[in-house]
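Engineer: My questions will all concern the structure given below.
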Amino acid sequence: MAPELGQYALVLAIIVATVQAIVPQIGAARRDAGWMAIATPAAQAQFLLVLFAFGCLTVSFVTSDFSVANVVANSHSLKPMIYKISGVWGNHEGSLLLWILILTLFGAAVARFGDNLPPTLKARVLSVQAMIGVGFLAFILFTSNPFERIDPAPFEGQGLNPLLQDPALAIHPPFLYLGYVGLSVSFSFAVAALIEGRVDPAWARWVRPWTLAAWMFLTCGISLGSYWAYYELGWGGWWFWDPVENASFMPWLAATALLHSSIVVEKRDALKSWTVLLAILAFSLSLLGTFLVRSGVLNSVHAFATDPARGVFILAFLGAVVGGSLVLYALRAPLLKGGGVFQPVSREGTLVLNNLLLTTACLTVLLGTLYPLFLDAVTGEKVSVGPPYFNATFVPLMTPLVAALAIGPMMAWKRGDLIGILKRLRFVAMAAFVAAVATLWAAFDISLLAVLGMVLVVWLGFGVLWELGERVKLFRVSPRESWRRARGLPRASFGMSLAHLGVALMVLGITASETWQEEIQTIMRPGDTQTVGDYDLTFVGAQTVPGPNYESLSGAFVVTRDGQPVTVLQPEMRTFTSPPMETTEAAIRSNFAGDLYTVLGEPDGEGGYAVRLYYKPLVIWIWLGTLFMVAGGLVSLSDRRHRIGAPARRAAQAPGDAAIAGAGD
């Protein structure tokens, strides 16, 4: 019964979404308050209907209803409950329903918290959100029905991909989708603004919190996926430039640029058309990622579907959304001329540089991701674009960006004094120079990139703290006065500092782990000892251990340091039967100084086992850095200015002037 109820709810949801897409848009054009008001209850009803459908699918998985084809293909009666629940979105159909649920959640949130928006803008934003919803609901109903029945029902299911049976993967997709789909709100605001022909500081104030929330969720999702790859796949890396990894990283880069660009619109009434374009591109890249994951054009552990028919549908939808919004942009963007004038050396100038570097980096990732696909489609030739290309193109672009993060917040609006700022940062520059000398002294044979990385860490980290200290006049006034100044600073200032400090910590983790990593690949027999880092690892042996839905070959390494016991690490090789697959479970001793990382491989038939041992200095700081970035976003989002809404618009403007407002500001 639950599948049928869920199916009915989805049918009702697409009807409601169609009404929400059409009626408020017409009402906004006619300035009809009644028609515009339909958007709010429609958005809330659409969310409740999709939530009910998602609940019905969850019930089917939890109760192991094997009359539902989706449950048969992705669940098993012996699977632990947490993976029965996460199995709801651990497949193409269920993950698509989760996508739609989050899309309607954001629409309902705009309806609930958008009371400070002008009625026409709110109606148009919710209308555009509903248009996206219609497309995805049609996709799930006509090509990817999660409630499709199977007759006769089998007694047992095939089980979930063992690689996905992991706590991090249970929460990774929801966070990632909250980021992906959250950018739809920025897109809807951009399209609504283009229809109205108006982008102003008030618009930027409204769109920033939604973009910031999506950026935080996307950061969490990417970070969780990276950490999962680090400890689950057993190759010791945390990022491989996999096409599906890139599919999540590109919207993040565009959203980061959008966040900084919207500040210029809000503060200086400039970069209007560019900011709108970024909002369109950020969500378009999210849709591109959806196409890559679900079209079958990629072979990846992250990919869901291999059905070309689904790929054609979403490619057509992608073309309609991106093409339609870009045509509208081409027609309306000339009306969005900025009024703020600024010098290249200014706060605005550093934000423009930020946008230039981020978007260029995004384009290089896009090129490296799509080039093999185009070449395969045109010539049939198979090529692989891997880490060497991305490292050679991405790192040079990020280096000046990281360096500029210490300077930009100290710049004045409209016209800055670069020489004066560099003089104020002279002690920071001296600390960076000391870091370079210390790095070279510690190891002469390391690469210059490692030296550059450590210089950037000190430059940015100390620069952030120095800038914050100057804001509160630390050591120049009494501690009481500094505390009073700190309490008076906007929370967004602290959030910016936390996020930039997180970037420095992440660069520290990347540089140290890649430069000073130690690796041993060998055959070990019981009683053998290997030294990696400052640790001695003695292999005790391996034994077979039954798991809840798998059988595990579990090894044991006794770890000592200077003869003193430290811990026992127990890496595993797990063998699943439903579906049949072997997975690697690395055993890791992690602390702030570095990770001791052990992997157990196949037996050699002579009493030995293939093992991989790593010592990765400071690698945990990569993910600590992302936590700082997310914390910075949360602090910024709590800023009172986001709670009280946007500045008041000019009351003298006539209704007919809305179409050209901002053109001559």
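So you can find residues: chains in the structure tokens are A, B, ... in the order shown, residues in each start at 1, and ligands are numbered from 1 in order.
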Which residues of region 93-144 of chain A have any atom within 8 Å of an atom in region 186-209 of chain A when counting only C-alpha atoms, and what is the closest pair of atoms for each, with the distance in Å to one decimal? Order the rows by chain and rising number and write it as a tab-separated table.

Structural biologist:
residue	atom	partner	partner_atom	distance
A:Leu117	CA	A:Trp206	CA	7.8
A:Leu121	CA	A:Ala192	CA	6.3
A:Arg124	CA	A:Ala192	CA	5.3
A:Val125	CA	A:Ser188	CA	5.0
A:Leu126	CA	A:Ser188	CA	7.5
A:Val128	CA	A:Ser188	CA	5.4
A:Gln129	CA	A:Ser188	CA	6.0

Engineer: Near Met1 (chain A), counting only C-alpha atoms, which residues have an atom at most 9 Å away, once you skip same-chain residues fewer than 4 positions from it, shown as a PDB file with N, CA and C atoms, in the first residue's frame?

Structural biologist:
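The new file out14.pdb reads:
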ATOM      1  N   LEU A   5       0.598   4.782  -2.377  1.00  0.00           N
ATOM      2  CA  LEU A   5       0.373   6.093  -1.777  1.00  0.00           C
ATOM      3  C   LEU A   5       1.498   7.060  -2.167  1.00  0.00           C
ATOM      4  N   GLY A   6       2.732   6.562  -2.161  1.00  0.00           N
ATOM      5  CA  GLY A   6       3.850   7.406  -2.572  1.00  0.00           C
ATOM      6  C   GLY A   6       3.737   7.840  -4.012  1.00  0.00           C
ATOM      7  N   CYS A  56       7.122   7.092   2.278  1.00  0.00           N
ATOM      8  CA  CYS A  56       6.603   5.810   1.785  1.00  0.00           C
ATOM      9  C   CYS A  56       7.740   4.939   1.256  1.00  0.00           C
TER      10      CYS A  56
END

Engineer: Would you kindly return, as JSON, numbers by chain, each protein, DNA or RNA residue with an atom no farther than 10 Å from any atom of region 510-522 of chain A, considering only C-alpha atoms and excluding same-chain residues fewer than 3 positions away?

Structural biologist: {"A": [236, 237, 238, 443, 446, 447, 449, 450, 451, 452, 453, 454, 457, 504, 505, 506, 507, 530, 531, 532, 533, 594, 595, 596, 597, 598, 599, 601, 608, 609, 610, 611, 612, 613, 614, 615, 616, 617, 618, 619, 620, 621, 622, 623]}

Engineer: Using the selection just defined, write its residues with C-alpha atoms as a compact mmCIF listing (two decimals), in the first residue's frame.

Structural biologist:
# COMPACT_ATOMS: atom_id res chain seq x y z
CA GLY A 236 45.69 6.30 0.97
CA GLY A 237 44.62 9.32 -1.07
CA TRP A 238 41.93 11.85 -0.27
CA ALA A 443 64.78 18.80 4.14
CA ILE A 446 61.90 18.66 -1.10
CA SER A 447 60.20 20.41 -4.00
CA LEU A 449 56.08 23.63 -4.36
CA ALA A 450 56.33 22.36 -0.79
CA VAL A 451 58.25 25.49 0.23
CA LEU A 452 55.66 27.63 -1.53
CA GLY A 453 52.88 25.76 0.28
CA MET A 454 54.36 26.39 3.71
CA VAL A 457 50.16 28.72 5.06
CA ALA A 504 45.29 28.04 5.48
CA LEU A 505 44.84 24.90 7.59
CA MET A 506 43.74 22.92 4.56
CA VAL A 507 46.80 24.05 2.59
CA GLN A 530 58.39 -2.56 9.62
CA THR A 531 59.26 1.01 10.57
CA VAL A 532 57.28 3.89 9.11
CA GLY A 533 57.51 7.41 10.47
CA GLY A 594 49.87 12.70 11.48
CA ASP A 595 48.10 9.48 10.52
CA LEU A 596 49.49 5.96 10.71
CA TYR A 597 47.61 4.17 7.92
CA THR A 598 47.58 0.38 7.41
CA VAL A 599 46.01 -1.72 4.65
CA GLY A 601 46.00 -7.15 1.09
CA GLY A 608 52.54 -13.84 4.14
CA TYR A 609 50.18 -11.00 3.26
CA ALA A 610 50.54 -7.99 1.01
CA VAL A 611 50.43 -4.86 3.16
CA ARG A 612 50.63 -1.13 2.58
CA LEU A 613 51.83 1.11 5.39
CA TYR A 614 51.72 4.91 5.29
CA TYR A 615 52.64 7.75 7.57
CA LYS A 616 50.87 10.96 6.53
CA PRO A 617 51.97 14.04 8.51
CA LEU A 618 49.24 16.57 9.37
CA VAL A 619 46.76 15.04 6.91
CA ILE A 620 43.89 15.48 9.39
CA TRP A 621 44.31 19.25 9.04
CA ILE A 622 42.78 19.01 5.57
CA TRP A 623 39.40 18.14 7.08

Engineer: Can you check which residues of region 381-555 of chain A DSSP gives as alpha helix (DSSP H) on the backbone and send them as number ranges by chain?

Structural biologist: A: 387-405, 418-424, 426-442, 448-471, 479-488, 491-515

Engineer: Compile the contact shell of region 356-370 of chain A as a ChimeraX atom specification: residues with an atom at most 12 Å away, counting only C-alpha atoms, same-chain residues fewer than 6 positions apart removed.

Structural biologist: /A:241-261,274-275,277-278,281-282,285,288-289,291-292,297-298,349-350,376-377,383-404

Engineer: Take the residues that were just selected and, keeping C-alpha atoms, output them as a CSV table (one decimal), in the first residue's frame.

Structural biologist:
chain,number,residue,atom,x,y,z
A,241,TRP,CA,40.3,14.2,-9.5
A,242,ASP,CA,37.6,11.6,-10.4
A,243,PRO,CA,35.1,13.1,-12.9
A,244,VAL,CA,32.3,12.7,-10.3
A,245,GLU,CA,34.4,14.4,-7.7
A,246,ASN,CA,35.0,17.2,-10.1
A,247,ALA,CA,31.2,17.3,-10.7
A,248,SER,CA,30.8,18.4,-7.1
A,249,PHE,CA,33.9,20.6,-7.0
A,250,MET,CA,32.9,22.8,-10.0
A,251,PRO,CA,29.7,24.1,-8.4
A,252,TRP,CA,31.6,24.7,-5.2
A,253,LEU,CA,34.1,26.9,-7.1
A,254,ALA,CA,31.3,28.8,-8.8
A,255,ALA,CA,29.4,29.3,-5.5
A,256,THR,CA,32.5,30.6,-3.8
A,257,ALA,CA,32.9,33.2,-6.6
A,258,LEU,CA,29.2,34.0,-6.3
A,259,LEU,CA,29.5,34.6,-2.6
A,260,HIS,CA,32.3,37.1,-3.1
A,261,SER,CA,30.7,38.8,-6.1
A,274,TRP,CA,28.3,39.2,-13.6
A,275,THR,CA,26.8,38.1,-10.3
A,277,LEU,CA,25.6,35.0,-14.5
A,278,LEU,CA,27.5,33.3,-11.7
A,281,LEU,CA,26.3,29.0,-13.9
A,282,ALA,CA,26.6,27.6,-10.4
A,285,LEU,CA,27.1,23.1,-13.0
A,288,LEU,CA,25.8,19.0,-15.2
A,289,GLY,CA,27.0,16.9,-12.3
A,291,PHE,CA,23.8,14.4,-15.8
A,292,LEU,CA,27.3,12.9,-15.5
A,297,VAL,CA,28.7,8.3,-19.7
A,298,LEU,CA,31.1,7.8,-16.7
A,349,GLY,CA,39.4,44.9,-7.2
A,350,THR,CA,40.6,42.0,-5.0
A,376,ASP,CA,35.4,9.4,-27.0
A,377,ALA,CA,32.1,10.6,-28.6
A,383,VAL,CA,42.1,9.0,-22.9
A,384,SER,CA,42.4,9.7,-19.3
A,385,VAL,CA,42.9,13.1,-17.8
A,386,GLY,CA,44.3,12.6,-14.3
A,387,PRO,CA,46.1,14.4,-11.5
A,388,PRO,CA,49.1,15.6,-13.5
A,389,TYR,CA,46.9,17.8,-15.7
A,390,PHE,CA,44.8,19.1,-12.8
A,391,ASN,CA,47.8,19.7,-10.5
A,392,ALA,CA,49.6,21.6,-13.3
A,393,THR,CA,46.7,23.9,-14.1
A,394,PHE,CA,44.8,24.2,-10.8
A,395,VAL,CA,47.7,24.8,-8.3
A,396,PRO,CA,49.1,27.9,-10.2
A,397,LEU,CA,45.7,29.5,-10.2
A,398,MET,CA,45.1,28.9,-6.5
A,399,THR,CA,48.5,30.2,-5.4
A,400,PRO,CA,47.8,33.9,-6.1
A,401,LEU,CA,44.3,33.4,-4.8
A,402,VAL,CA,45.5,32.2,-1.4
A,403,ALA,CA,48.1,35.0,-1.3
A,404,ALA,CA,45.4,37.6,-2.0

Engineer: Please determine, counting only C-alpha atoms, which residue among A:Ser95, A:Ser127, A:Asn116, A:Thr219 has the shortest atom-to-atom distance to Thr40 (chain A).

Structural biologist: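 That would be A:Ser127, the residue with the smallest distance to Thr40 (chain A).
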
Engineer: Wanna dump the region 204-286 of chain A-region 174-180 of chain A contacts at 8 Å for me, each residue with its shortest atom pair and the distance in Å to one decimal, counting only C-alpha atoms, ordered by chain and number, as CSV?

Structural biologist:
residue,atom,partner,partner_atom,distance
A:Ala213,CA,A:Gly179,CA,7.6
A:Ala214,CA,A:Gly179,CA,4.2
A:Trp215,CA,A:Gly179,CA,5.9
A:Met216,CA,A:Gly179,CA,7.1
A:Phe217,CA,A:Gly179,CA,4.7
A:Leu218,CA,A:Gly179,CA,4.1
A:Thr219,CA,A:Gly179,CA,7.8
A:Cys220,CA,A:Phe175,CA,6.3
A:Gly221,CA,A:Leu176,CA,4.3
A:Ile222,CA,A:Leu176,CA,6.8
A:Ser248,CA,A:Leu176,CA,7.8
A:Pro251,CA,A:Tyr180,CA,7.5
A:Phe283,CA,A:Tyr180,CA,7.1
A:Ser286,CA,A:Tyr180,CA,5.5
